[in-house]
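Working notes, beginning with the structure itself.
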Amino acid sequence: MTDSARSLNGTQGSGCISVLLANSHRLVRELVVNGLELEPGICVIGTAATADEALAMAARIAPDVVILSVGLAGADPTQTACKLRSTSSASRVLVLAEDEDQSVLTGNIRCGANGYITTGCSMAELAAAVRAVHEGTMHVPTPMLGPLISTLIGDSREQREARRRLSRLTQREREALALLVKGASTDGIAAALVISPDTARSHVQHVLSKLGVHSRLEAAAYVVERGVVEELPEVPDVPARRARAHA
């Protein structure tokens with residue numbers, strides 16, 4: 001079998017779960033594909049060796065499930081899942097990792113992954129995980145579930161606190177913050193909001209004070225990391241020559 005999208009003939013409308021496997025090692029790809037194709041109701045319709053290949057192929061063939069291996073060449077262990085969710089939103093993502101890494105699990109779940117399993121599993125366990133995520137069930141190893149829930153509860157608390165702090169900002173301050181997220185300087189904020197640089201500087205200082213941070217970069221990171229950046233107002237794009245945030 002060659003690495004590519006395989007023929008969809010015989011899989012469409014057959015009730016077969018279509019799978020895309022992304023793994024850097026050819027031998028692993030071949031072994032997993034051969035094993036999964038012996039499992040009833042599962043059809044591997046493509047393989048990819050890199051994150052870019054996986055993203056392009058997922059967008060093109062829209063598999064039911066993407067088995068996404070951690071450690072793809074040149075790929076962040078969590079960001080590929082984020083990109084997959086945006087390019088192929090209908091596909092479920094099952095992360096395949098070498099070991100039970102809580103930070104990798106949490107990062108991928110935050111990015112919308114639907115399950116996590118390690119290479120210590122059997123082929124039957126992998127197939128069961130594929131079926132579970134396809135059916136809409138979150139598949140996570142039992143020992144990792146408690147810490148994951150605790151982390152996500154903490155995320156929820158931090159997000160609520162971030163929303164509370166955002167609520168203290170005036171409309172103009174929220175617009176200034178949105179521009180900071182885009183990398184705007186004081187002059188960039190002033191130009192975008194049609195205000196003086198002194199007024200823009202004042203808005204920024206109020207933003208830092210109300211968010212409880214010490215720099216423009218911290219302010220931008222605060223709303224991005226807590227998942228509340230989408231609650232900021234729409235603002236004009238910052239011209240490239242002005243897109244320079246100062247700490």
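Chain labels A, B, ... are given in the sequence in which chains occur in the structure tokens; within each chain residues are numbered consecutively from 1, and ligands are likewise numbered from 1 in the order shown.
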Practice item. Within 10 Å of Ala162 in chain A, counting only C-alpha atoms, which residues show up once you throw out same-chain ones fewer than 6 positions away? Write them as a ChimeraX atom specification, please. Key: /A:156,211,222-223,225-229
Point to revise | Residues within 12 Å of range 144-152 of chain A, only C-alpha atoms, excluding chain neighbours under 6 positions, as a PyMOL selection string | key: chain A and resi 99-110+115-118+138+158-159+226
Those same residues, written as a compact mmCIF listing (two decimals), in the first residue's frame with N, CA and C atoms?
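The file below, result_39.txt, is the result:
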# COMPACT_ATOMS: atom_id res chain seq x y z
N ASP A 99 3.08 7.28 25.12
CA ASP A 99 2.82 7.04 26.54
C ASP A 99 1.72 7.96 27.04
N GLU A 100 1.39 7.83 28.31
CA GLU A 100 0.30 8.61 28.90
C GLU A 100 0.86 9.95 29.37
N ASP A 101 0.89 10.90 28.46
CA ASP A 101 1.40 12.24 28.74
C ASP A 101 0.21 13.16 29.00
N GLN A 102 0.05 13.57 30.25
CA GLN A 102 -1.13 14.34 30.64
C GLN A 102 -1.19 15.69 29.92
N SER A 103 -0.05 16.33 29.72
CA SER A 103 -0.05 17.64 29.05
C SER A 103 -0.44 17.51 27.59
N VAL A 104 0.02 16.45 26.94
CA VAL A 104 -0.35 16.23 25.54
C VAL A 104 -1.83 15.91 25.44
N LEU A 105 -2.33 15.08 26.34
CA LEU A 105 -3.76 14.77 26.38
C LEU A 105 -4.58 16.05 26.53
N THR A 106 -4.25 16.85 27.54
CA THR A 106 -5.03 18.06 27.82
C THR A 106 -4.99 19.02 26.65
N GLY A 107 -3.80 19.22 26.08
CA GLY A 107 -3.67 20.13 24.95
C GLY A 107 -4.51 19.70 23.76
N ASN A 108 -4.52 18.41 23.48
CA ASN A 108 -5.30 17.91 22.35
C ASN A 108 -6.80 17.96 22.60
N ILE A 109 -7.21 17.67 23.82
CA ILE A 109 -8.64 17.76 24.15
C ILE A 109 -9.10 19.21 24.05
N ARG A 110 -8.28 20.14 24.51
CA ARG A 110 -8.61 21.55 24.38
C ARG A 110 -8.77 21.94 22.91
N GLY A 115 -10.40 11.66 21.45
CA GLY A 115 -9.91 10.51 22.19
C GLY A 115 -8.40 10.45 22.21
N TYR A 116 -7.89 9.58 23.07
CA TYR A 116 -6.44 9.46 23.28
C TYR A 116 -6.17 8.00 23.62
N ILE A 117 -5.16 7.44 22.97
CA ILE A 117 -4.79 6.06 23.24
C ILE A 117 -3.28 5.92 23.03
N THR A 118 -2.65 4.96 23.68
CA THR A 118 -1.20 4.82 23.56
C THR A 118 -0.84 3.63 22.68
N MET A 138 -16.19 10.14 24.21
CA MET A 138 -14.82 10.54 24.49
C MET A 138 -14.04 9.33 25.00
N GLU A 158 -10.97 29.53 35.35
CA GLU A 158 -10.14 30.61 34.83
C GLU A 158 -10.88 31.40 33.75
N GLN A 159 -11.67 30.68 32.95
CA GLN A 159 -12.42 31.35 31.90
C GLN A 159 -13.50 32.26 32.50
N ARG A 226 -7.07 31.85 27.76
CA ARG A 226 -8.29 31.52 28.51
C ARG A 226 -9.51 31.37 27.61
Practice item. Could you give me, as JSON, numbers by chain, the residues within 12 Å of range 191-205 of chain A, counting only C-alpha atoms and dropping anything in the same chain fewer than 5 positions from it? Key: {"A": [169, 170, 171, 172, 173, 174, 175, 176, 177, 178, 179, 180, 181, 182, 184, 185, 186, 210, 211, 212, 213, 214, 215, 216, 217, 218, 219, 220, 234, 235, 236, 237, 238, 239, 242, 243, 245, 246, 247]}
Would you write out those residues with N, CA and C atoms, as an mmCIF file, in the first residue's frame?
data_model
loop_
_atom_site.group_PDB
_atom_site.id
_atom_site.type_symbol
_atom_site.label_atom_id
_atom_site.label_comp_id
_atom_site.auth_asym_id
_atom_site.auth_seq_id
_atom_site.Cartn_x
_atom_site.Cartn_y
_atom_site.Cartn_z
ATOM 1 N N LEU A 169 -14.084 46.204 31.447
ATOM 2 C CA LEU A 169 -13.531 47.087 30.423
ATOM 3 C C LEU A 169 -14.640 47.868 29.719
ATOM 4 N N THR A 170 -14.352 49.103 29.384
ATOM 5 C CA THR A 170 -15.278 49.874 28.566
ATOM 6 C C THR A 170 -15.206 49.359 27.132
ATOM 7 N N GLN A 171 -16.135 49.786 26.295
ATOM 8 C CA GLN A 171 -16.127 49.362 24.903
ATOM 9 C C GLN A 171 -14.819 49.739 24.214
ATOM 10 N N ARG A 172 -14.338 50.975 24.440
ATOM 11 C CA ARG A 172 -13.093 51.413 23.829
ATOM 12 C C ARG A 172 -11.905 50.581 24.318
ATOM 13 N N GLU A 173 -11.912 50.253 25.610
ATOM 14 C CA GLU A 173 -10.822 49.434 26.158
ATOM 15 C C GLU A 173 -10.853 48.026 25.569
ATOM 16 N N ARG A 174 -12.039 47.486 25.342
ATOM 17 C CA ARG A 174 -12.148 46.169 24.715
ATOM 18 C C ARG A 174 -11.628 46.213 23.276
ATOM 19 N N GLU A 175 -11.910 47.309 22.588
ATOM 20 C CA GLU A 175 -11.398 47.460 21.227
ATOM 21 C C GLU A 175 -9.873 47.572 21.236
ATOM 22 N N ALA A 176 -9.337 48.300 22.188
ATOM 23 C CA ALA A 176 -7.879 48.420 22.306
ATOM 24 C C ALA A 176 -7.257 47.058 22.591
ATOM 25 N N LEU A 177 -7.900 46.267 23.460
ATOM 26 C CA LEU A 177 -7.404 44.925 23.767
ATOM 27 C C LEU A 177 -7.443 44.033 22.526
ATOM 28 N N ALA A 178 -8.525 44.117 21.768
ATOM 29 C CA ALA A 178 -8.623 43.319 20.543
ATOM 30 C C ALA A 178 -7.500 43.672 19.582
ATOM 31 N N LEU A 179 -7.129 44.942 19.529
ATOM 32 C CA LEU A 179 -6.028 45.370 18.665
ATOM 33 C C LEU A 179 -4.685 44.900 19.212
ATOM 34 N N LEU A 180 -4.546 44.854 20.530
ATOM 35 C CA LEU A 180 -3.320 44.302 21.120
ATOM 36 C C LEU A 180 -3.139 42.840 20.726
ATOM 37 N N VAL A 181 -4.241 42.101 20.717
ATOM 38 C CA VAL A 181 -4.178 40.692 20.313
ATOM 39 C C VAL A 181 -3.674 40.569 18.875
ATOM 40 N N LYS A 182 -3.998 41.563 18.041
ATOM 41 C CA LYS A 182 -3.540 41.559 16.655
ATOM 42 C C LYS A 182 -2.127 42.116 16.492
ATOM 43 N N ALA A 184 -0.997 45.257 17.635
ATOM 44 C CA ALA A 184 -0.937 46.694 17.370
ATOM 45 C C ALA A 184 -0.065 47.433 18.384
ATOM 46 N N SER A 185 0.638 48.436 17.894
ATOM 47 C CA SER A 185 1.371 49.363 18.751
ATOM 48 C C SER A 185 0.421 50.461 19.192
ATOM 49 N N THR A 186 0.921 51.389 20.014
ATOM 50 C CA THR A 186 0.097 52.521 20.428
ATOM 51 C C THR A 186 -0.377 53.318 19.216
ATOM 52 N N LYS A 210 -7.001 46.582 34.717
ATOM 53 C CA LYS A 210 -8.238 45.828 34.973
ATOM 54 C C LYS A 210 -8.069 44.326 34.765
ATOM 55 N N LEU A 211 -7.138 43.941 33.880
ATOM 56 C CA LEU A 211 -6.883 42.508 33.680
ATOM 57 C C LEU A 211 -5.899 41.957 34.706
ATOM 58 N N GLY A 212 -5.166 42.858 35.377
ATOM 59 C CA GLY A 212 -4.199 42.420 36.375
ATOM 60 C C GLY A 212 -2.925 41.869 35.759
ATOM 61 N N VAL A 213 -2.514 42.438 34.618
ATOM 62 C CA VAL A 213 -1.277 42.010 33.954
ATOM 63 C C VAL A 213 -0.332 43.208 33.870
ATOM 64 N N HIS A 214 0.905 42.935 33.428
ATOM 65 C CA HIS A 214 1.925 43.969 33.486
ATOM 66 C C HIS A 214 2.421 44.452 32.122
ATOM 67 N N SER A 215 2.027 43.793 31.063
ATOM 68 C CA SER A 215 2.509 44.207 29.745
ATOM 69 C C SER A 215 1.450 43.947 28.688
ATOM 70 N N ARG A 216 1.648 44.555 27.527
ATOM 71 C CA ARG A 216 0.735 44.371 26.409
ATOM 72 C C ARG A 216 0.703 42.915 25.959
ATOM 73 N N LEU A 217 1.877 42.301 25.912
ATOM 74 C CA LEU A 217 1.940 40.901 25.491
ATOM 75 C C LEU A 217 1.204 40.001 26.485
ATOM 76 N N GLU A 218 1.349 40.279 27.768
ATOM 77 C CA GLU A 218 0.627 39.505 28.783
ATOM 78 C C GLU A 218 -0.877 39.665 28.613
ATOM 79 N N ALA A 219 -1.316 40.878 28.289
ATOM 80 C CA ALA A 219 -2.749 41.124 28.104
ATOM 81 C C ALA A 219 -3.283 40.302 26.941
ATOM 82 N N ALA A 220 -2.541 40.299 25.823
ATOM 83 C CA ALA A 220 -2.963 39.519 24.660
ATOM 84 C C ALA A 220 -2.978 38.032 24.986
ATOM 85 N N GLU A 234 -15.087 43.119 17.012
ATOM 86 C CA GLU A 234 -14.373 43.137 15.741
ATOM 87 C C GLU A 234 -13.677 44.477 15.588
ATOM 88 N N VAL A 235 -12.415 44.422 15.164
ATOM 89 C CA VAL A 235 -11.652 45.653 14.940
ATOM 90 C C VAL A 235 -10.917 45.532 13.612
ATOM 91 N N PRO A 236 -10.509 46.664 13.026
ATOM 92 C CA PRO A 236 -9.803 46.596 11.739
ATOM 93 C C PRO A 236 -8.475 45.857 11.870
ATOM 94 N N ASP A 237 -8.040 45.234 10.785
ATOM 95 C CA ASP A 237 -6.713 44.632 10.774
ATOM 96 C C ASP A 237 -5.669 45.725 10.920
ATOM 97 N N VAL A 238 -4.560 45.371 11.577
ATOM 98 C CA VAL A 238 -3.494 46.332 11.808
ATOM 99 C C VAL A 238 -2.545 46.315 10.628
ATOM 100 N N PRO A 239 -2.223 47.458 10.011
ATOM 101 C CA PRO A 239 -1.244 47.475 8.919
ATOM 102 C C PRO A 239 0.073 46.852 9.365
ATOM 103 N N ARG A 242 2.609 48.687 11.325
ATOM 104 C CA ARG A 242 2.251 49.089 12.687
ATOM 105 C C ARG A 242 2.107 47.894 13.623
ATOM 106 N N ALA A 243 2.168 46.687 13.069
ATOM 107 C CA ALA A 243 1.900 45.492 13.861
ATOM 108 C C ALA A 243 3.106 45.122 14.705
ATOM 109 N N ALA A 245 3.758 44.857 18.830
ATOM 110 C CA ALA A 245 3.356 45.072 20.233
ATOM 111 C C ALA A 245 4.593 45.211 21.088
ATOM 112 N N HIS A 246 4.584 46.140 22.035
ATOM 113 C CA HIS A 246 5.711 46.337 22.932
ATOM 114 C C HIS A 246 5.357 45.776 24.297
ATOM 115 N N ALA A 247 6.307 45.058 24.887
ATOM 116 C CA ALA A 247 6.079 44.528 26.225
ATOM 117 C C ALA A 247 6.060 45.660 27.231
#
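You can rank A:Thr47, A:Leu96, A:Val66, A:Ala73 by their closest distance to Leu27 in chain A using only C-alpha atoms, and at the top of that list sits A:Thr47.
With only C-alpha atoms as the atoms that count, the residue of A:Leu166, A:Ile153, A:Leu208, A:Ile189 with the shortest distance to Glu230 in chain A is A:Leu166.
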Write out as a compact mmCIF listing (two decimals) with C-alpha atoms, in the first residue's frame which residues come within 7 Å of range 49-56 of chain A when counting only C-alpha atoms, dropping same-chain ones fewer than 3 positions away.
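Once written, selection_11.txt looks like this:
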# COMPACT_ATOMS: atom_id res chain seq x y z
CA ALA A 22 -1.17 9.95 10.25
CA ASN A 23 2.15 8.52 11.43
CA SER A 24 5.75 9.34 10.55
CA HIS A 25 6.93 5.73 10.30
CA ALA A 59 -9.75 18.34 3.97
CA ARG A 60 -9.95 16.44 0.69
CA LEU A 72 4.72 13.92 13.33
CA ALA A 73 7.72 15.59 11.71
CA ALA A 75 4.43 19.29 14.13
CA THR A 80 -2.18 19.63 14.56
CA LEU A 84 -7.60 19.41 11.87
CA THR A 87 -9.99 22.12 8.20
Practice item. Excluding Ala124 in chain A and residues on its chain fewer than 5 positions from it, collect all residues at most 12 Å away from it, counting only C-alpha atoms, and give them as number ranges by chain. Key: A: 32, 35-40, 42, 129-131
Practice item. Check range 27-73 of chain A with DSSP on the backbone and list each residue it calls strand (DSSP E), as a PyMOL selection string. Key: chain A and resi 42-48+65-69
Exercise for review: Work out how far apart CA of Asn34 in chain A and CA of Thr137 in chain A are and give it in Å to one decimal.
Suggested key: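 Going from CA of Asn34 in chain A over to CA of Thr137 in chain A covers 24.8 Å.
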Point to revise | Those in range 15-243 of chain A with alpha helix (DSSP H) from DSSP, as a ChimeraX atom specification | key: /A:26-36,51-61,79-87,102-110,123-134,142-166,171-181,186-193,197-211,216-225
Selected residues written out, C-alpha atoms, as a short mmCIF file (atom, residue, chain, number, x, y, z; two decimals), in the first residue's frame:
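Result file follows (selection13.cif):
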data_model
loop_
_atom_site.label_atom_id
_atom_site.label_comp_id
_atom_site.auth_asym_id
_atom_site.auth_seq_id
_atom_site.Cartn_x
_atom_site.Cartn_y
_atom_site.Cartn_z
CA ARG A 26 6.09 3.69 7.20
CA LEU A 27 6.35 0.36 9.00
CA VAL A 28 3.94 1.51 11.71
CA ARG A 29 1.52 2.80 9.09
CA GLU A 30 1.53 -0.49 7.23
CA LEU A 31 1.13 -2.58 10.38
CA VAL A 32 -1.74 -0.47 11.71
CA VAL A 33 -3.51 -0.36 8.35
CA ASN A 34 -3.21 -4.10 7.88
CA GLY A 35 -4.49 -4.71 11.39
CA LEU A 36 -7.42 -2.30 11.18
CA ALA A 51 1.12 16.97 9.56
CA ASP A 52 0.79 18.92 6.31
CA GLU A 53 -0.13 15.75 4.42
CA ALA A 54 -2.67 14.82 7.07
CA LEU A 55 -4.31 18.26 7.00
CA ALA A 56 -4.51 18.35 3.20
CA MET A 57 -5.82 14.82 2.96
CA ALA A 58 -8.39 15.25 5.73
CA ALA A 59 -9.75 18.34 3.97
CA ARG A 60 -9.95 16.44 0.69
CA ILE A 61 -11.40 13.07 1.71
CA GLN A 79 -1.60 22.18 17.33
CA THR A 80 -2.18 19.63 14.56
CA ALA A 81 -5.42 18.62 16.27
CA CYS A 82 -6.47 22.29 16.39
CA LYS A 83 -5.80 22.66 12.67
CA LEU A 84 -7.60 19.41 11.87
CA ARG A 85 -10.71 20.60 13.68
CA SER A 86 -10.73 23.76 11.57
CA THR A 87 -9.99 22.12 8.20
CA GLN A 102 -1.13 14.34 30.64
CA SER A 103 -0.05 17.64 29.05
CA VAL A 104 -0.35 16.23 25.54
CA LEU A 105 -3.76 14.77 26.38
CA THR A 106 -5.03 18.06 27.82
CA GLY A 107 -3.67 20.13 24.95
CA ASN A 108 -5.30 17.91 22.35
CA ILE A 109 -8.64 17.76 24.15
CA ARG A 110 -8.61 21.55 24.38
CA MET A 123 -5.19 -3.73 17.61
CA ALA A 124 -8.58 -4.66 19.05
CA GLU A 125 -8.31 -1.82 21.59
CA LEU A 126 -7.38 0.64 18.84
CA ALA A 127 -10.35 -0.48 16.77
CA ALA A 128 -12.62 -0.13 19.81
CA ALA A 129 -11.32 3.43 20.33
CA VAL A 130 -11.99 4.27 16.68
CA ARG A 131 -15.56 3.01 17.02
CA ALA A 132 -16.05 4.89 20.30
CA VAL A 133 -14.97 8.30 19.01
CA HIS A 134 -16.94 7.75 15.81
CA THR A 142 -8.99 5.58 32.83
CA PRO A 143 -5.89 6.64 34.84
CA MET A 144 -5.76 9.92 32.86
CA LEU A 145 -9.43 10.80 33.17
CA GLY A 146 -9.41 12.21 36.73
CA PRO A 147 -6.51 14.63 36.17
CA LEU A 148 -8.03 15.69 32.84
CA ILE A 149 -11.38 16.51 34.45
CA SER A 150 -9.63 18.46 37.22
CA THR A 151 -7.68 20.47 34.64
CA LEU A 152 -10.77 21.22 32.56
CA ILE A 153 -12.67 22.32 35.68
CA GLY A 154 -9.76 24.64 36.43
CA ASP A 155 -9.94 25.93 32.85
CA SER A 156 -13.61 26.68 33.34
CA ARG A 157 -12.91 28.63 36.52
CA GLU A 158 -10.14 30.61 34.83
CA GLN A 159 -12.42 31.35 31.90
CA ARG A 160 -15.16 32.62 34.20
CA GLU A 161 -12.64 34.86 35.95
CA ALA A 162 -11.37 36.14 32.59
CA ARG A 163 -14.93 36.99 31.55
CA ARG A 164 -15.45 38.81 34.85
CA ARG A 165 -12.35 40.91 34.23
CA LEU A 166 -13.36 41.61 30.64
CA GLN A 171 -16.13 49.36 24.90
CA ARG A 172 -13.09 51.41 23.83
CA GLU A 173 -10.82 49.43 26.16
CA ARG A 174 -12.15 46.17 24.71
CA GLU A 175 -11.40 47.46 21.23
CA ALA A 176 -7.88 48.42 22.31
CA LEU A 177 -7.40 44.92 23.77
CA ALA A 178 -8.62 43.32 20.54
CA LEU A 179 -6.03 45.37 18.66
CA LEU A 180 -3.32 44.30 21.12
CA VAL A 181 -4.18 40.69 20.31
CA THR A 186 0.10 52.52 20.43
CA ASP A 187 0.16 54.34 17.09
CA GLY A 188 -1.64 51.40 15.46
CA ILE A 189 -4.40 51.49 18.07
CA ALA A 190 -4.72 55.25 17.67
CA ALA A 191 -5.02 54.98 13.90
CA ALA A 192 -7.50 52.09 14.01
CA LEU A 193 -9.76 53.77 16.57
CA PRO A 197 -1.81 58.28 20.76
CA ASP A 198 -2.17 59.66 24.30
CA THR A 199 -5.77 58.42 24.49
CA ALA A 200 -4.72 55.06 23.06
CA ARG A 201 -1.97 54.81 25.66
CA SER A 202 -4.48 55.59 28.40
CA HIS A 203 -6.85 52.86 27.17
CA VAL A 204 -4.00 50.35 27.18
CA GLN A 205 -2.99 51.24 30.74
CA HIS A 206 -6.57 50.78 31.90
CA VAL A 207 -6.70 47.40 30.16
CA LEU A 208 -3.53 46.22 31.90
CA SER A 209 -4.79 47.40 35.28
CA LYS A 210 -8.24 45.83 34.97
CA LEU A 211 -6.88 42.51 33.68
CA ARG A 216 0.73 44.37 26.41
CA LEU A 217 1.94 40.90 25.49
CA GLU A 218 0.63 39.51 28.78
CA ALA A 219 -2.75 41.12 28.10
CA ALA A 220 -2.96 39.52 24.66
CA ALA A 221 -1.84 36.15 26.00
CA TYR A 222 -4.33 36.35 28.89
CA VAL A 223 -7.42 36.44 26.68
CA VAL A 224 -6.05 33.98 24.10
CA GLU A 225 -4.97 31.34 26.64
#
Review point. What separation in Å, quoted to one decimal, exists between CA of Val140 in chain A and CA of Ala113 in chain A?
Key: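 According to the coordinates, CA of Val140 in chain A and CA of Ala113 in chain A are separated by 10.5 Å.
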Check your understanding: How many Å lie between CA of Gly136 in chain A and CA of Gly74 in chain A, rounded to one decimal?
Key ->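 Calculated distance between CA of Gly136 in chain A and CA of Gly74 in chain A is 29.6 Å.
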